[in-house]
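Reviewing the structure listed below.
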Amino acid sequence: MLPLNAWAKEGVIAALVALDAAGLAHCGIGLASSGLIRVGGAVLMFGALGFFYVRWRPEERLADLAHSAARLLVFFAAMGVLSYLVATTGIPVADDLLARADRALGFDWLGWFAFVQQRPTLHLVLHLAYMSALPQIAVVTTYLALTGQRRRNSELFWTLTLSLLLIIPLSGLLPAFNASVYYDVPGFRQHMPDFVALRTGRFDQLDLSRLEGLISFPSFHTTLAVLFPYVARGRSVAALMTALVNGAMIVAIPTEGSHYFVDVLAGAVIAVAAIIATARIEALLERRTPQPALAAAE
């Protein structure tokens with residue numbers, strides 16, 4: 001029988017999928033069959049591997065890896081769809097507000113952009129650090145599973161969930177093109193066709209295998225850069241490497257991700273809040289999980 005924590009995770013994912021289905025139907029947006037097949041096939045593959053390593057060849061670490069991979073694939077697809085749905089609201093963009101907030105904090109976005117662009121080596125390092133976010137999800141999940149840190153993978157799921165449940169609604173309330181678009185300089189713009197089409201009601205089909213990052217405020221990359229070192233804590237080499245890579249990623253986010261500085265601050269605050277809330281949620285779930293009966297004394 002699955003523990004309560006596992007049931008809670010599946011329940012959250014099921015609720016997200018149901019919410020997405022209702023939202024897609026309301027907005028008249030369909031899902032491309034090619035994306036469904038790719039994502040669904042990967043989920044089934046990892047799910048089957050997890051079942052195999054639980055029932056036929058018990059191996060807790062490989063089972064945790066397979067289950068975590070399947071769960072995260074569905075989770076990120078569902079959250080990606082939700083981020084697209086909130087972009088359909090058409091609320092006026094908040095770029096001017098975010099840029100003014102940066103200036104009020106004393107951050108010169110264009111000055112920092114020019115500083116990085118004039119130093120090719122720094123630019124390359126920051127670009128690589130920024131692009132490491134998605135691979136790190138796979139690497140961190142695999143590392144935690146294969147080193148027997150099942151509880152840390154559980155922490156990662158809950159902190160990601162709570163973070164995005166804050167980030168996505170906030171991105172709908174304060175939508176933004178991003179800093180590079182606002183300042184009209186080269187930068188991250190791959191999301192613009194989808195973002196504009198969603199805001200103008202001209203988006204009718206979504207490919208789960210080609211989801212773009214539509215969120216400017218708050219920065220999800222920053223949230224990840226806080227969460228990865230947190231779940232890797234306690235083992236000196238892994239913790240140090242993760243901290244270094246993600247420290248560089250935080251520095252990279254304004255230029256390589258075209259984020260405002262306030263996006264970064266908000267993403268960090270949300271990560272800390274998610275960490276605190278996750279500790280309480282997991283403690284609550286553990287208290288409510290029936291404990292095995294004590295063996296009778298001889």
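Lettering and numbering for the structure tokens are positional, with chains as A, B, ... in the shown order, residues counted from 1 in each chain, and ligands counted from 1 in the shown order.
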List the neighbours of range 125-128 of chain A out to 10 Å using only C-alpha atoms; skip same-chain residues closer than 6 positions along the sequence, and give me the result as a list of chain:residue names.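 So, after excluding close chain neighbours, the residues are A:Val116, A:Val245, A:Ala248, A:Met249, A:Ile250, A:Val251, A:Ala252, A:Ile253, A:Thr255, A:Glu256, A:Gly257.
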Could you give me, as an MDAnalysis selection string, each residue of range 60-243 of chain A that DSSP assigns to alpha helix (DSSP H) when run on this structure's backbone? chainID A and resid 60:86 95:104 109:117 120:131 133:146 150:173 179:183 192:199 220:231 236:243
So that I can see what lies close to range 214-223 of chain A, please list as a list in words the residues with an atom at most 7 Å from it, counting only C-alpha atoms and leaving out residues fewer than 3 positions away in the same chain.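 Selected residues are Ala133, Ile167, Ser171, Leu174, Ala176, Asn178, His191, Phe195, Val226, Leu227, Ile250, His259, Asp263, Val264, Ala266, Gly267, Ala268, Ile270 and Ala271 of chain A.
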Written file, previous selection with N, CA and C atoms, as a PDB file, in the first residue's frame:
```pdb
ATOM      1  N   ALA A 133      19.721  24.534 -15.941  1.00  0.00           N
ATOM      2  CA  ALA A 133      18.554  24.341 -15.073  1.00  0.00           C
ATOM      3  C   ALA A 133      17.815  23.043 -15.374  1.00  0.00           C
ATOM      4  N   ILE A 167       4.073  30.786  -8.148  1.00  0.00           N
ATOM      5  CA  ILE A 167       4.666  31.486  -9.296  1.00  0.00           C
ATOM      6  C   ILE A 167       3.678  31.646 -10.449  1.00  0.00           C
ATOM      7  N   SER A 171       2.356  35.088 -12.060  1.00  0.00           N
ATOM      8  CA  SER A 171       2.707  35.445 -13.441  1.00  0.00           C
ATOM      9  C   SER A 171       1.472  35.856 -14.234  1.00  0.00           C
ATOM     10  N   LEU A 174       0.719  39.489 -12.909  1.00  0.00           N
ATOM     11  CA  LEU A 174       1.731  40.451 -13.361  1.00  0.00           C
ATOM     12  C   LEU A 174       2.472  39.894 -14.585  1.00  0.00           C
ATOM     13  N   ALA A 176       4.467  39.677 -18.083  1.00  0.00           N
ATOM     14  CA  ALA A 176       5.490  40.578 -18.644  1.00  0.00           C
ATOM     15  C   ALA A 176       6.138  39.923 -19.850  1.00  0.00           C
ATOM     16  N   ASN A 178       9.393  40.520 -20.917  1.00  0.00           N
ATOM     17  CA  ASN A 178      10.670  40.283 -20.231  1.00  0.00           C
ATOM     18  C   ASN A 178      11.560  41.504 -20.460  1.00  0.00           C
ATOM     19  N   HIS A 191       9.767  32.661 -26.443  1.00  0.00           N
ATOM     20  CA  HIS A 191       8.399  32.523 -25.939  1.00  0.00           C
ATOM     21  C   HIS A 191       7.412  33.476 -26.582  1.00  0.00           C
ATOM     22  N   PHE A 195       3.312  33.520 -26.392  1.00  0.00           N
ATOM     23  CA  PHE A 195       2.812  34.475 -25.400  1.00  0.00           C
ATOM     24  C   PHE A 195       1.838  35.467 -26.028  1.00  0.00           C
ATOM     25  N   VAL A 226      17.786  27.958  -5.835  1.00  0.00           N
ATOM     26  CA  VAL A 226      17.762  27.855  -4.370  1.00  0.00           C
ATOM     27  C   VAL A 226      17.432  26.426  -3.942  1.00  0.00           C
ATOM     28  N   LEU A 227      16.506  25.791  -4.644  1.00  0.00           N
ATOM     29  CA  LEU A 227      16.045  24.458  -4.247  1.00  0.00           C
ATOM     30  C   LEU A 227      17.093  23.370  -4.490  1.00  0.00           C
ATOM     31  N   ILE A 250      22.170  32.032 -10.669  1.00  0.00           N
ATOM     32  CA  ILE A 250      21.469  33.218 -10.160  1.00  0.00           C
ATOM     33  C   ILE A 250      22.056  34.492 -10.765  1.00  0.00           C
ATOM     34  N   HIS A 259      15.510  38.424 -17.321  1.00  0.00           N
ATOM     35  CA  HIS A 259      14.652  38.696 -16.167  1.00  0.00           C
ATOM     36  C   HIS A 259      14.999  40.040 -15.526  1.00  0.00           C
ATOM     37  N   ASP A 263      12.329  40.017 -10.442  1.00  0.00           N
ATOM     38  CA  ASP A 263      11.939  38.638 -10.735  1.00  0.00           C
ATOM     39  C   ASP A 263      12.787  37.670  -9.911  1.00  0.00           C
ATOM     40  N   VAL A 264      14.089  37.970  -9.855  1.00  0.00           N
ATOM     41  CA  VAL A 264      15.039  37.118  -9.132  1.00  0.00           C
ATOM     42  C   VAL A 264      14.731  37.142  -7.635  1.00  0.00           C
ATOM     43  N   ALA A 266      11.915  37.825  -6.140  1.00  0.00           N
ATOM     44  CA  ALA A 266      10.646  37.145  -5.871  1.00  0.00           C
ATOM     45  C   ALA A 266      10.806  35.627  -5.952  1.00  0.00           C
ATOM     46  N   GLY A 267      11.575  35.153  -6.934  1.00  0.00           N
ATOM     47  CA  GLY A 267      11.805  33.720  -7.064  1.00  0.00           C
ATOM     48  C   GLY A 267      12.522  33.138  -5.859  1.00  0.00           C
ATOM     49  N   ALA A 268      13.477  33.895  -5.308  1.00  0.00           N
ATOM     50  CA  ALA A 268      14.215  33.430  -4.126  1.00  0.00           C
ATOM     51  C   ALA A 268      13.312  33.386  -2.893  1.00  0.00           C
ATOM     52  N   ILE A 270      10.086  32.993  -2.822  1.00  0.00           N
ATOM     53  CA  ILE A 270       9.146  31.887  -2.987  1.00  0.00           C
ATOM     54  C   ILE A 270       9.811  30.558  -2.674  1.00  0.00           C
ATOM     55  N   ALA A 271      11.055  30.389  -3.084  1.00  0.00           N
ATOM     56  CA  ALA A 271      11.779  29.143  -2.789  1.00  0.00           C
ATOM     57  C   ALA A 271      11.907  28.928  -1.287  1.00  0.00           C
TER      58      ALA A 271
END
```
For Ser33 in chain A, which of A:Ala69, A:Thr147, A:Ser209, A:Leu224 is the closest residue, counting only C-alpha atoms? A:Ser209
Would you pick out the contacts of Met241 in chain A at 12 Å or less, using only C-alpha atoms, so that residues sharing its chain but fewer than 3 positions from it are not included, and give the list as a PyMOL selection string? chain A and resi 136+140+228-229+232-233+235-238+244-248
With C-alpha atoms retained, export the selected residues as an mmCIF file, in the first residue's frame.
```
data_model
loop_
_atom_site.group_PDB
_atom_site.id
_atom_site.type_symbol
_atom_site.label_atom_id
_atom_site.label_comp_id
_atom_site.auth_asym_id
_atom_site.auth_seq_id
_atom_site.Cartn_x
_atom_site.Cartn_y
_atom_site.Cartn_z
ATOM 1 C CA GLN A 136 20.005 19.708 -13.267
ATOM 2 C CA VAL A 140 19.681 15.993 -9.040
ATOM 3 C CA PHE A 228 18.816 22.399 -5.867
ATOM 4 C CA PRO A 229 21.486 23.213 -3.259
ATOM 5 C CA ALA A 232 21.741 18.369 -2.082
ATOM 6 C CA ARG A 233 22.761 19.629 1.363
ATOM 7 C CA ARG A 235 27.159 15.783 1.435
ATOM 8 C CA SER A 236 30.111 18.098 1.039
ATOM 9 C CA VAL A 237 31.207 17.464 -2.566
ATOM 10 C CA ALA A 238 27.714 17.353 -4.085
ATOM 11 C CA LEU A 244 28.660 26.784 -7.206
ATOM 12 C CA VAL A 245 26.650 25.960 -10.327
ATOM 13 C CA ASN A 246 23.472 27.504 -8.976
ATOM 14 C CA GLY A 247 25.244 30.536 -7.590
ATOM 15 C CA ALA A 248 26.445 31.174 -11.139
#
```
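Of the residues listed (A:Glu155, A:Glu282, A:Asp20, A:Glu10), A:Asp20 shows the shortest atom-to-atom separation from Tyr84 in chain A; distances use only C-alpha atoms.
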Excluding Val93 in chain A and its own-chain neighbours fewer than 2 positions away, which residues fall within 9 Å of it when counting only C-alpha atoms? Please give them as a PyMOL selection string. chain A and resi 90-91+95-97+173-177
Take CA of Val12 in chain A and CA of Asp64 in chain A and report the distance between them in Å, one decimal.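 Interatomic distance, CA of Val12 in chain A to CA of Asp64 in chain A: 18.3 Å.
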Excluding Leu72 in chain A and any residue of its chain fewer than 3 positions from it, enumerate the residues within 12 Å of it, using only C-alpha atoms, and give them as a ChimeraX atom specification. /A:9-10,12-13,39,42-43,46-47,64-69,75-80,134,137-138,141-142,153-154,156-158,160-161
File dump, residues just selected, N, CA and C atoms, as a short mmCIF file (atom, residue, chain, number, x, y, z; two decimals), in the first residue's frame:
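Final file, part_11.cif:
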```cif
data_model
loop_
_atom_site.label_atom_id
_atom_site.label_comp_id
_atom_site.auth_asym_id
_atom_site.auth_seq_id
_atom_site.Cartn_x
_atom_site.Cartn_y
_atom_site.Cartn_z
N LYS A 9 0.94 13.16 -3.27
CA LYS A 9 1.59 13.61 -4.52
C LYS A 9 0.72 13.26 -5.72
N GLU A 10 0.21 12.02 -5.77
CA GLU A 10 -0.61 11.62 -6.91
C GLU A 10 -1.90 12.45 -6.94
N VAL A 12 -2.28 15.58 -5.91
CA VAL A 12 -1.96 16.92 -6.41
C VAL A 12 -1.83 16.90 -7.93
N ILE A 13 -1.14 15.88 -8.45
CA ILE A 13 -0.96 15.80 -9.91
C ILE A 13 -2.30 15.58 -10.60
N VAL A 39 5.26 12.53 -24.45
CA VAL A 39 5.23 12.64 -22.99
C VAL A 39 4.58 11.40 -22.37
N ALA A 42 6.91 8.38 -22.48
CA ALA A 42 7.98 8.46 -21.48
C ALA A 42 7.44 8.16 -20.08
N VAL A 43 6.26 8.68 -19.77
CA VAL A 43 5.67 8.43 -18.45
C VAL A 43 5.37 6.94 -18.28
N PHE A 46 8.73 4.98 -17.70
CA PHE A 46 9.26 5.11 -16.34
C PHE A 46 8.32 4.45 -15.32
N GLY A 47 7.03 4.55 -15.55
CA GLY A 47 6.08 3.89 -14.65
C GLY A 47 6.25 2.38 -14.66
N ASP A 64 12.70 4.26 -6.91
CA ASP A 64 12.51 5.68 -6.58
C ASP A 64 12.86 6.56 -7.77
N LEU A 65 13.94 6.21 -8.48
CA LEU A 65 14.34 6.98 -9.65
C LEU A 65 13.25 6.93 -10.73
N ALA A 66 12.74 5.73 -11.02
CA ALA A 66 11.73 5.60 -12.06
C ALA A 66 10.44 6.31 -11.68
N HIS A 67 10.00 6.12 -10.43
CA HIS A 67 8.77 6.78 -9.99
C HIS A 67 8.91 8.30 -9.98
N SER A 68 10.07 8.79 -9.53
CA SER A 68 10.30 10.24 -9.49
C SER A 68 10.30 10.82 -10.90
N ALA A 69 10.93 10.10 -11.84
CA ALA A 69 10.98 10.58 -13.23
C ALA A 69 9.58 10.65 -13.83
N PHE A 75 4.10 16.11 -13.84
CA PHE A 75 4.01 17.35 -13.07
C PHE A 75 4.40 18.57 -13.91
N PHE A 76 5.54 18.49 -14.59
CA PHE A 76 5.99 19.64 -15.37
C PHE A 76 5.12 19.88 -16.59
N ALA A 77 4.59 18.82 -17.19
CA ALA A 77 3.66 19.00 -18.30
C ALA A 77 2.40 19.71 -17.82
N ALA A 78 1.88 19.28 -16.67
CA ALA A 78 0.67 19.90 -16.13
C ALA A 78 0.90 21.35 -15.74
N MET A 79 2.02 21.62 -15.09
CA MET A 79 2.33 23.00 -14.71
C MET A 79 2.59 23.86 -15.94
N GLY A 80 3.22 23.29 -16.96
CA GLY A 80 3.45 24.04 -18.19
C GLY A 80 2.15 24.46 -18.85
N LEU A 134 17.44 22.82 -16.62
CA LEU A 134 16.69 21.61 -16.96
C LEU A 134 17.53 20.34 -16.77
N ILE A 137 17.62 19.21 -13.17
CA ILE A 137 16.46 18.49 -12.63
C ILE A 137 16.68 16.99 -12.75
N ALA A 138 17.15 16.56 -13.93
CA ALA A 138 17.42 15.14 -14.15
C ALA A 138 18.59 14.66 -13.30
N THR A 141 17.68 14.66 -9.44
CA THR A 141 16.75 13.57 -9.15
C THR A 141 17.45 12.22 -9.18
N THR A 142 18.29 12.01 -10.19
CA THR A 142 19.04 10.75 -10.31
C THR A 142 20.01 10.58 -9.15
N ASN A 153 14.22 13.46 -2.54
CA ASN A 153 13.43 13.54 -3.77
C ASN A 153 11.99 13.95 -3.46
N SER A 154 11.49 13.48 -2.32
CA SER A 154 10.16 13.90 -1.90
C SER A 154 10.14 15.40 -1.59
N LEU A 156 12.08 17.60 -2.93
CA LEU A 156 12.19 18.30 -4.20
C LEU A 156 10.81 18.42 -4.85
N PHE A 157 10.04 17.34 -4.85
CA PHE A 157 8.71 17.40 -5.46
C PHE A 157 7.84 18.44 -4.76
N TRP A 158 7.77 18.39 -3.45
CA TRP A 158 6.89 19.31 -2.73
C TRP A 158 7.33 20.76 -2.85
N LEU A 160 9.00 22.08 -5.36
CA LEU A 160 8.67 22.49 -6.72
C LEU A 160 7.18 22.78 -6.86
N THR A 161 6.36 21.90 -6.28
CA THR A 161 4.91 22.06 -6.37
C THR A 161 4.45 23.36 -5.72
#
```
Shortest interatomic distance to Gly148 in chain A - which of A:Ala63, A:Ala101, A:Leu124, A:Leu24, counting only C-alpha atoms: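 Ranking A:Ala63, A:Ala101, A:Leu124, A:Leu24 by distance to Gly148 in chain A, first place goes to A:Ala63.
Excluding range 107-111 of chain A itself and any same-chain residue fewer than 3 positions from it, the protein and nucleic acid residues within 8 Å of it, counting only C-alpha atoms, are Asp102, Arg103, Ala104, Ala114, Phe115, Tyr183, Pro254, Tyr260 and Phe261 of chain A.
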May I have the selected residues written with C-alpha atoms, as a PDB file, in the first residue's frame?
```
ATOM      1  CA  ASP A 102      14.483  47.588 -10.468  1.00  0.00           C
ATOM      2  CA  ARG A 103      15.465  51.238 -10.680  1.00  0.00           C
ATOM      3  CA  ALA A 104      14.012  51.906  -7.226  1.00  0.00           C
ATOM      4  CA  ALA A 114      26.383  45.820 -21.275  1.00  0.00           C
ATOM      5  CA  PHE A 115      28.942  44.679 -18.666  1.00  0.00           C
ATOM      6  CA  TYR A 183      14.735  47.421 -23.338  1.00  0.00           C
ATOM      7  CA  PRO A 254      18.975  38.788 -15.520  1.00  0.00           C
ATOM      8  CA  TYR A 260      14.215  41.845 -14.133  1.00  0.00           C
ATOM      9  CA  PHE A 261      16.091  41.922 -10.837  1.00  0.00           C
TER      10      PHE A 261
END
```
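From CA of Gly35 in chain A back to CA of Ala18 in chain A, the distance works out to 18.0 Å.
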Tell me, in Å to one decimal, how far CA of Phe188 in chain A is from CA of Ser258 in chain A.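 Taking CA of Phe188 in chain A and CA of Ser258 in chain A, their separation equals 5.8 Å.
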